[in-house]
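Remarks on the structure that follows.
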Protein chains: 2
Amino acid sequence: MSSILSFKELLNLFEQYVSNHTLSKEPKLLYEPIHYILQIGGKRVRPVALLMGYQLFDKPAEDVLSLAMAIELFHNFSLIHDDMMDNSEMRRGQPSVHIKYGQNAGILSGDMALVEAYQYLCHSQHWRLPSLLSTFNDMAREVCEGQQMDIDFEEDLYIEEEDYLEMIRRKTAVLLGASFEMGAIAAGASEDECTALRHFGIYTGLAFQLMDDYLDSFGNTSLTGKKSGGDILQRKKNYLYIYTLKNSKGRDKDEFFYLYNKEGKSDEEIASICAMMQRTRAEEALLIRAREYDDKATHALPASLLSKAGYGPILDLRNMLATRTF
Amino acid sequence: MSSILSFKELLNLFEQYVSNHTLSKEPKLLYEPIHYILQIGGKRVRPVALLMGYQLFDKPAEDVLSLAMAIELFHNFSLIHDDMMDNSEMRRGQPSVHIKYGQNAGILSGDMALVEAYQYLCHSQHWRLPSLLSTFNDMAREVCEGQQMDIDFEEDLYIEEEDYLEMIRRKTAVLLGASFEMGAIAAGASEDECTALRHFGIYTGLAFQLMDDYLDSFGNTSLTGKKSGGDILQRKKNYLYIYTLKNSKGRDKDEFFYLYNKEGKSDEEIASICAMMQRTRAEEALLIRAREYDDKATHALPASLLSKAGYGPILDLRNMLATRTF
């Protein structure tokens with residue numbers, strides 16, 4: 001049995017791998033944007049989740065670094081293209097790829113990151129490739145569908161909570177689910193175990209995204225690297241918006257609707273929107289919902305997996321995501 | 001031994017497959033653009049080439065329709081995104097995807113077409129998946145690199161003929177090469193045979209692209225479905241431009257350079273550009289070059305393959321591409 005690496009150790013292992021595996025250099029404008037977005041970092045939650053899913057079955061994480069890289073490249077592909085579609089000018093406190101390098105570079109380097117992801121997938125153990133590829137493809141399809149739902153919501157006046165949760169499930173949560181699952185598949189886990197890890201990842205991802213919505217309005221700006229109330233400024237129909245709209249009435253509802261969907265907002269207006277959210281207890285409802293998902297995540301795993309040594313780092317990751325303030 | 005299908009029969013077989021395999025329907029704005037571009041057709045040269053590469057080894061083309069679909073979807077992914085990057089408003093005589101459905105739909109449905117391509121690839125015979133995937137990935141990388149080179153050329157004042165040929169090799173020819181090669185791989189052909197078919201496809205693709213450059217200036221508009229001189233209007237640095245610039249001098253050169261790179265051109269100015277191209281014998285040089293590639297294509301194949309019954313339809317395809325006037 002190989003030794004179990006902690007979250008931190010897995011992260012270092014992966015960062016080391018990323019810096020040793022530079023992609024091609026030419027044509028410059030094709031590859032440089034991918035280096036740029038990979039290098040400005042992020043939490044590397046998804047690739048580390050894959051490594052954790054693998055070591056849970058007593059295998060050394062080093063074996064599947066190329067699969068972890070595939071997941072990270074896919075994630076970055078989706079960030080590059082989503083930022084273009086959402087007109088987001090900043091990413092992780094830095095200019096987005098299409099702002100720094102232009103629209104065409106945004107489209108094409110995003111495409112290339114996706115192709116690279118498949119290339120790293122292909123470099124992994126061949127005998128489980130069909131199953132890994134199939135899981136990866138299903139995930140990729142759902143992520144695109146989730147992004148389309150998100151775009152469609154921009155035109156919708158009212159969105160049901162369940163539709164919103166289905167959108168974030170596809171857009172965000174299935175990627176974390178696929179990360180854990182692919183780790184398990186590569187380790188040769190049973191089908192039930194692979195499915196359990198997928199569900200664990202999806203519920204954890206849902207909790208994670210809800211916390212993201214929460215932190216956008218109520219988080220600490222200097223730690224998130226995002227402008228506070230970014231969703232509010234961009235009139236993003238996130239959980240807090242949908243809940244507040246549903247749970248307010250009459251003039252309050254009209255005022256909230258008007259203010260939130262108004263183009264350009266003063267700091268006072270943003271503060272007033274946050275106050276309305278608090279009045280309907282939207283953040284409380286969100287935190288309860290996030291906690292529910294967090295519980296569902298734990299219950300998705302059979303006792304035989306919860307008692308394994310490799311579950312320790314997974315628990316650390318889950319706790320970090322559920323209680324983070326950054 | 002299965003019966004050999006003609007070009008026409010393979011085309012019908014593939015069209016039948018496309019119409020029986022509709023993709024998902026929801027979210028509508030994600031899938032409808034893919035249906036749209038698939039349905040407005042095109043020559044289906046690449047998927048048919050894959051089927052031909054397979055039946056060359058005495059296997060029934062029906063086996064690999066999903067691989068052919070993967071190739072066609074990849075091709076359509078690249079058309080959707082390239083049209084955005086090139087600001088091309090028309091495709092096959094119809095509005096381009098991003099014009100008809102908008103920029104965001106262009107980005108996302110293109111991404112989805114690429115993911116779908118991998119999904120069809122994955123549905124094919126599993127035991128040769130690693131090799132098929134690796135060939136497909138290498139092709140996809142070169143296509144992205146070729147598109148980047150093409151974009152980079154827009155900023156370059158002078159382009160060498162060999163750089164231009166390398167660009168069209170990556171952007172266009174490797175896809176046809178990979179199509180033939182993947183057919184051969186799926187059929188279990190030897191490595192030498194697979195490589196021979198790849199080279200055959202690449203040389204044929206180079207000849208095909210040169211003919212495309214030729215037809216853009218000297219072809220029959222009503223048959224190509226493109227506006228005559230589209231490259232000239234868009235100041236595309238194609239073979240004819242590069243050759244004419246290299247082979248003219250003094251005032252002629254300056255005038256050609258000025259006229260070609262001028263924004264907006266009258267019909268007289270386009271006619272005058274074509275006349276200059278004829279004066280330097282650029283179209284003659286192009287046709288000779290295309291013929292050379294066509295010869296190289298034939299020589300790439302060993303006698304053992306040239307004498308096979310399945311080579312008949314391949315020869316038909318090659319002749320069609322080399323001598324087409326549409």
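By order of appearance in the structure tokens: chains A, B, ..., then residues from 1 within every chain, and ligands from 1 in the order shown.
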
Write out as a PDB file with C-alpha atoms, in the first residue's frame the residues lying within 10 Å of Tyr54 (chain B), counting only C-alpha atoms and excluding same-chain residues fewer than 5 positions away.
ATOM      1  CA  VAL B  48     -16.408   9.685 -47.007  1.00  0.00           C
ATOM      2  CA  ALA B  49     -12.588   9.562 -47.105  1.00  0.00           C
ATOM      3  CA  LYS B  59     -14.170  -4.189 -44.597  1.00  0.00           C
ATOM      4  CA  PRO B  60     -17.761  -2.941 -44.884  1.00  0.00           C
ATOM      5  CA  ALA B  61     -18.011   0.843 -44.524  1.00  0.00           C
ATOM      6  CA  GLU B  62     -21.125   0.485 -42.336  1.00  0.00           C
ATOM      7  CA  ASP B  63     -18.840  -0.503 -39.435  1.00  0.00           C
ATOM      8  CA  VAL B  64     -17.250   2.906 -39.057  1.00  0.00           C
ATOM      9  CA  SER B 179      -9.660  10.791 -42.187  1.00  0.00           C
ATOM     10  CA  PHE B 180      -8.017   8.272 -44.518  1.00  0.00           C
ATOM     11  CA  GLU B 181      -5.617   7.163 -41.783  1.00  0.00           C
ATOM     12  CA  MET B 182      -8.330   6.572 -39.190  1.00  0.00           C
ATOM     13  CA  GLY B 183     -10.211   4.419 -41.686  1.00  0.00           C
ATOM     14  CA  ALA B 184      -7.066   2.347 -42.130  1.00  0.00           C
ATOM     15  CA  ILE B 185      -6.380   2.158 -38.367  1.00  0.00           C
ATOM     16  CA  ALA B 186      -9.931   0.976 -37.682  1.00  0.00           C
ATOM     17  CA  ALA B 187      -9.538  -1.686 -40.368  1.00  0.00           C
ATOM     18  CA  GLY B 188      -6.406  -3.006 -38.668  1.00  0.00           C
ATOM     19  CA  ALA B 189      -4.025  -1.994 -41.474  1.00  0.00           C
ATOM     20  CA  GLY B 310     -11.296  -0.274 -52.950  1.00  0.00           C
TER      21      GLY B 310
END

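Residues in contact range of Ser6 (chain B), defined as at most 9 Å between only C-alpha atoms, with sequence neighbours fewer than 3 positions away removed, read Glu9, Leu10, Leu11, Met52, Gly310, Gly312, Pro313, Ile314 and Asp316 of chain B.
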
All helix (DSSP H, G or I) positions in region 3-112 of chain A, as a count of residues only: 77

- Task: Report as number ranges by chain the set of chain A residues whose atoms approach chain B to within 9 Å, with distances computed over only C-alpha atoms.
- Result: A: 26-30, 81-82, 84-86, 103-105, 107-109, 111-112, 114-116, 118-119, 122-123, 126-127, 129-130, 133-134, 137-138, 140-141, 144-149, 151-152

Output N, CA and C atoms of each residue in that selection to a file, as a short mmCIF file (atom, residue, chain, number, x, y, z; two decimals), in the first residue's frame.
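So the final result, stored in out_39.cif, reads:
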data_model
loop_
_atom_site.label_atom_id
_atom_site.label_comp_id
_atom_site.auth_asym_id
_atom_site.auth_seq_id
_atom_site.Cartn_x
_atom_site.Cartn_y
_atom_site.Cartn_z
N GLU A 26 4.92 27.40 -29.96
CA GLU A 26 4.55 28.07 -31.22
C GLU A 26 3.33 27.41 -31.84
N PRO A 27 2.44 28.15 -32.47
CA PRO A 27 2.37 29.61 -32.56
C PRO A 27 2.07 30.23 -31.19
N LYS A 28 2.82 31.30 -30.91
CA LYS A 28 2.81 31.92 -29.60
C LYS A 28 1.40 32.29 -29.10
N LEU A 29 0.62 32.91 -29.98
CA LEU A 29 -0.68 33.42 -29.57
C LEU A 29 -1.69 32.30 -29.32
N LEU A 30 -1.32 31.08 -29.71
CA LEU A 30 -2.19 29.93 -29.46
C LEU A 30 -1.93 29.35 -28.07
N HIS A 81 -13.68 30.36 -22.36
CA HIS A 81 -14.86 30.61 -23.19
C HIS A 81 -16.01 31.22 -22.41
N ASP A 82 -16.21 30.78 -21.17
CA ASP A 82 -17.30 31.37 -20.37
C ASP A 82 -17.07 32.86 -20.12
N MET A 84 -15.69 34.91 -22.03
CA MET A 84 -16.07 35.64 -23.25
C MET A 84 -17.59 35.77 -23.33
N MET A 85 -18.28 34.66 -23.08
CA MET A 85 -19.74 34.67 -23.21
C MET A 85 -20.39 35.55 -22.15
N ASP A 86 -19.78 35.58 -20.96
CA ASP A 86 -20.34 36.37 -19.86
C ASP A 86 -19.81 37.81 -19.83
N GLN A 103 -10.24 38.65 -28.76
CA GLN A 103 -11.34 37.70 -28.95
C GLN A 103 -10.90 36.42 -29.68
N ASN A 104 -10.18 36.60 -30.78
CA ASN A 104 -9.80 35.42 -31.56
C ASN A 104 -8.91 34.48 -30.76
N ALA A 105 -7.96 35.07 -30.02
CA ALA A 105 -7.09 34.24 -29.17
C ALA A 105 -7.92 33.55 -28.11
N ILE A 107 -11.09 32.51 -28.38
CA ILE A 107 -11.78 31.36 -28.99
C ILE A 107 -10.79 30.22 -29.23
N LEU A 108 -9.69 30.55 -29.92
CA LEU A 108 -8.81 29.49 -30.40
C LEU A 108 -7.98 28.85 -29.29
N SER A 109 -7.51 29.65 -28.33
CA SER A 109 -6.72 29.03 -27.26
C SER A 109 -7.63 28.20 -26.35
N ASP A 111 -10.22 26.48 -27.51
CA ASP A 111 -10.33 25.24 -28.28
C ASP A 111 -9.11 24.35 -28.05
N MET A 112 -7.95 25.00 -28.12
CA MET A 112 -6.70 24.24 -27.98
C MET A 112 -6.59 23.62 -26.59
N LEU A 114 -9.01 22.56 -24.81
CA LEU A 114 -9.89 21.40 -24.82
C LEU A 114 -9.23 20.21 -25.52
N VAL A 115 -8.60 20.50 -26.66
CA VAL A 115 -7.89 19.43 -27.38
C VAL A 115 -6.74 18.88 -26.53
N GLU A 116 -6.02 19.80 -25.87
CA GLU A 116 -4.93 19.38 -24.96
C GLU A 116 -5.47 18.48 -23.86
N TYR A 118 -7.94 16.42 -23.99
CA TYR A 118 -8.10 15.07 -24.54
C TYR A 118 -6.75 14.40 -24.78
N GLN A 119 -5.75 15.20 -25.10
CA GLN A 119 -4.43 14.63 -25.34
C GLN A 119 -3.84 14.07 -24.03
N CYS A 122 -5.51 10.89 -23.14
CA CYS A 122 -5.03 9.83 -24.02
C CYS A 122 -3.68 9.28 -23.55
N HIS A 123 -2.90 10.12 -22.86
CA HIS A 123 -1.58 9.68 -22.38
C HIS A 123 -1.69 8.76 -21.17
N HIS A 126 -3.93 3.04 -21.03
CA HIS A 126 -4.80 2.76 -22.17
C HIS A 126 -5.93 1.79 -21.88
N TRP A 127 -5.69 0.87 -20.99
CA TRP A 127 -6.69 -0.19 -20.84
C TRP A 127 -7.99 0.29 -20.23
N LEU A 129 -9.04 3.46 -20.93
CA LEU A 129 -9.36 4.66 -21.69
C LEU A 129 -10.83 4.76 -22.11
N PRO A 130 -11.44 3.70 -22.64
CA PRO A 130 -12.84 3.84 -23.07
C PRO A 130 -13.74 4.35 -21.96
N LEU A 133 -12.79 8.02 -21.01
CA LEU A 133 -13.20 8.93 -22.07
C LEU A 133 -14.70 9.13 -22.05
N SER A 134 -15.43 8.06 -21.82
CA SER A 134 -16.88 8.14 -21.80
C SER A 134 -17.35 9.04 -20.64
N ASN A 137 -16.44 12.64 -21.53
CA ASN A 137 -17.34 13.18 -22.56
C ASN A 137 -18.71 13.55 -21.99
N ASP A 138 -19.27 12.67 -21.17
CA ASP A 138 -20.57 12.96 -20.58
C ASP A 138 -20.50 14.24 -19.74
N ALA A 140 -18.31 16.70 -20.13
CA ALA A 140 -18.11 17.86 -21.01
C ALA A 140 -19.44 18.30 -21.62
N ARG A 141 -20.26 17.34 -22.02
CA ARG A 141 -21.56 17.67 -22.59
C ARG A 141 -22.43 18.42 -21.57
N CYS A 144 -21.30 22.05 -21.05
CA CYS A 144 -21.78 22.94 -22.14
C CYS A 144 -23.27 23.21 -21.99
N GLU A 145 -24.04 22.20 -21.65
CA GLU A 145 -25.48 22.39 -21.47
C GLU A 145 -25.77 23.35 -20.32
N GLY A 146 -25.01 23.21 -19.24
CA GLY A 146 -25.17 24.10 -18.10
C GLY A 146 -24.87 25.54 -18.45
N GLN A 147 -23.82 25.73 -19.24
CA GLN A 147 -23.47 27.09 -19.66
C GLN A 147 -24.58 27.67 -20.53
N GLN A 148 -25.17 26.83 -21.41
CA GLN A 148 -26.27 27.32 -22.25
C GLN A 148 -27.48 27.69 -21.39
N MET A 149 -27.79 26.86 -20.39
CA MET A 149 -28.90 27.18 -19.48
C MET A 149 -28.65 28.52 -18.81
N ILE A 151 -26.88 31.01 -19.89
CA ILE A 151 -27.09 32.08 -20.87
C ILE A 151 -28.59 32.30 -21.09
N ASP A 152 -29.34 31.18 -21.20
CA ASP A 152 -30.79 31.29 -21.41
C ASP A 152 -31.47 32.02 -20.25
#

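Between CA of Ser3 (chain B) and CA of Ser307 (chain B) the separation is 15.8 Å.
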
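Put simply, CA of Arg291 (chain A) is 29.4 Å away from CA of Leu259 (chain A).
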
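For Phe153 (chain B), the non-local neighbours within 10 Å, defined as residues at least 2 positions apart in the same chain or in other chains and counting only C-alpha atoms, are Gln147, Gln148, Met149, Asp150, Ile151, Glu155, Asp156, Leu157, Tyr158, Ile159, Asp163, Tyr164, Met167, Lys236, Lys237 and Asn238 of chain B.
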
Determine, counting only C-alpha atoms, which protein, DNA and RNA residues have an atom within 10 Å of an atom of Lys265 (chain B); residues of the same chain fewer than 6 positions away are not included. Present the result as a list in words. Ile232, Leu233, Gln234, Leu259 and Ala271 of chain B

Go ahead and save the picked residues with N, CA and C atoms, as an mmCIF file, in the first residue's frame.
data_model
loop_
_atom_site.group_PDB
_atom_site.id
_atom_site.type_symbol
_atom_site.label_atom_id
_atom_site.label_comp_id
_atom_site.auth_asym_id
_atom_site.auth_seq_id
_atom_site.Cartn_x
_atom_site.Cartn_y
_atom_site.Cartn_z
ATOM 1 N N ILE B 232 -10.208 37.989 -52.036
ATOM 2 C CA ILE B 232 -9.701 39.314 -52.429
ATOM 3 C C ILE B 232 -10.395 40.397 -51.594
ATOM 4 N N LEU B 233 -11.709 40.271 -51.476
ATOM 5 C CA LEU B 233 -12.454 41.254 -50.680
ATOM 6 C C LEU B 233 -11.988 41.251 -49.230
ATOM 7 N N GLN B 234 -11.724 40.041 -48.709
ATOM 8 C CA GLN B 234 -11.295 39.932 -47.309
ATOM 9 C C GLN B 234 -9.785 40.090 -47.139
ATOM 10 N N LEU B 259 -3.808 47.816 -54.009
ATOM 11 C CA LEU B 259 -5.185 47.439 -54.374
ATOM 12 C C LEU B 259 -5.698 46.270 -53.527
ATOM 13 N N ALA B 271 -11.491 42.864 -60.699
ATOM 14 C CA ALA B 271 -11.116 42.366 -62.026
ATOM 15 C C ALA B 271 -9.663 42.721 -62.328
#

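All residues within region 21-149 of chain B that the backbone DSSP calculation assigns to strand (DSSP E) are Met90, Arg91, Gln94 and Pro95 of chain B.
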
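Of the listed residues B:Ala300, B:Ile99, B:Ile168, B:Leu287, the one whose atoms come nearest to His199 (chain B) is B:Ala300, with distances taken using only C-alpha atoms.
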
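Atom to atom, CA of Leu301 (chain A) and CA of Ala196 (chain A) stand 5.5 Å apart.
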
Just the residues within 7 Å of Thr280 (chain B), please, counting only C-alpha atoms, with nothing from its chain fewer than 4 positions along; format it as an NGL selection string. :B and (244 or 247-248 or 276)
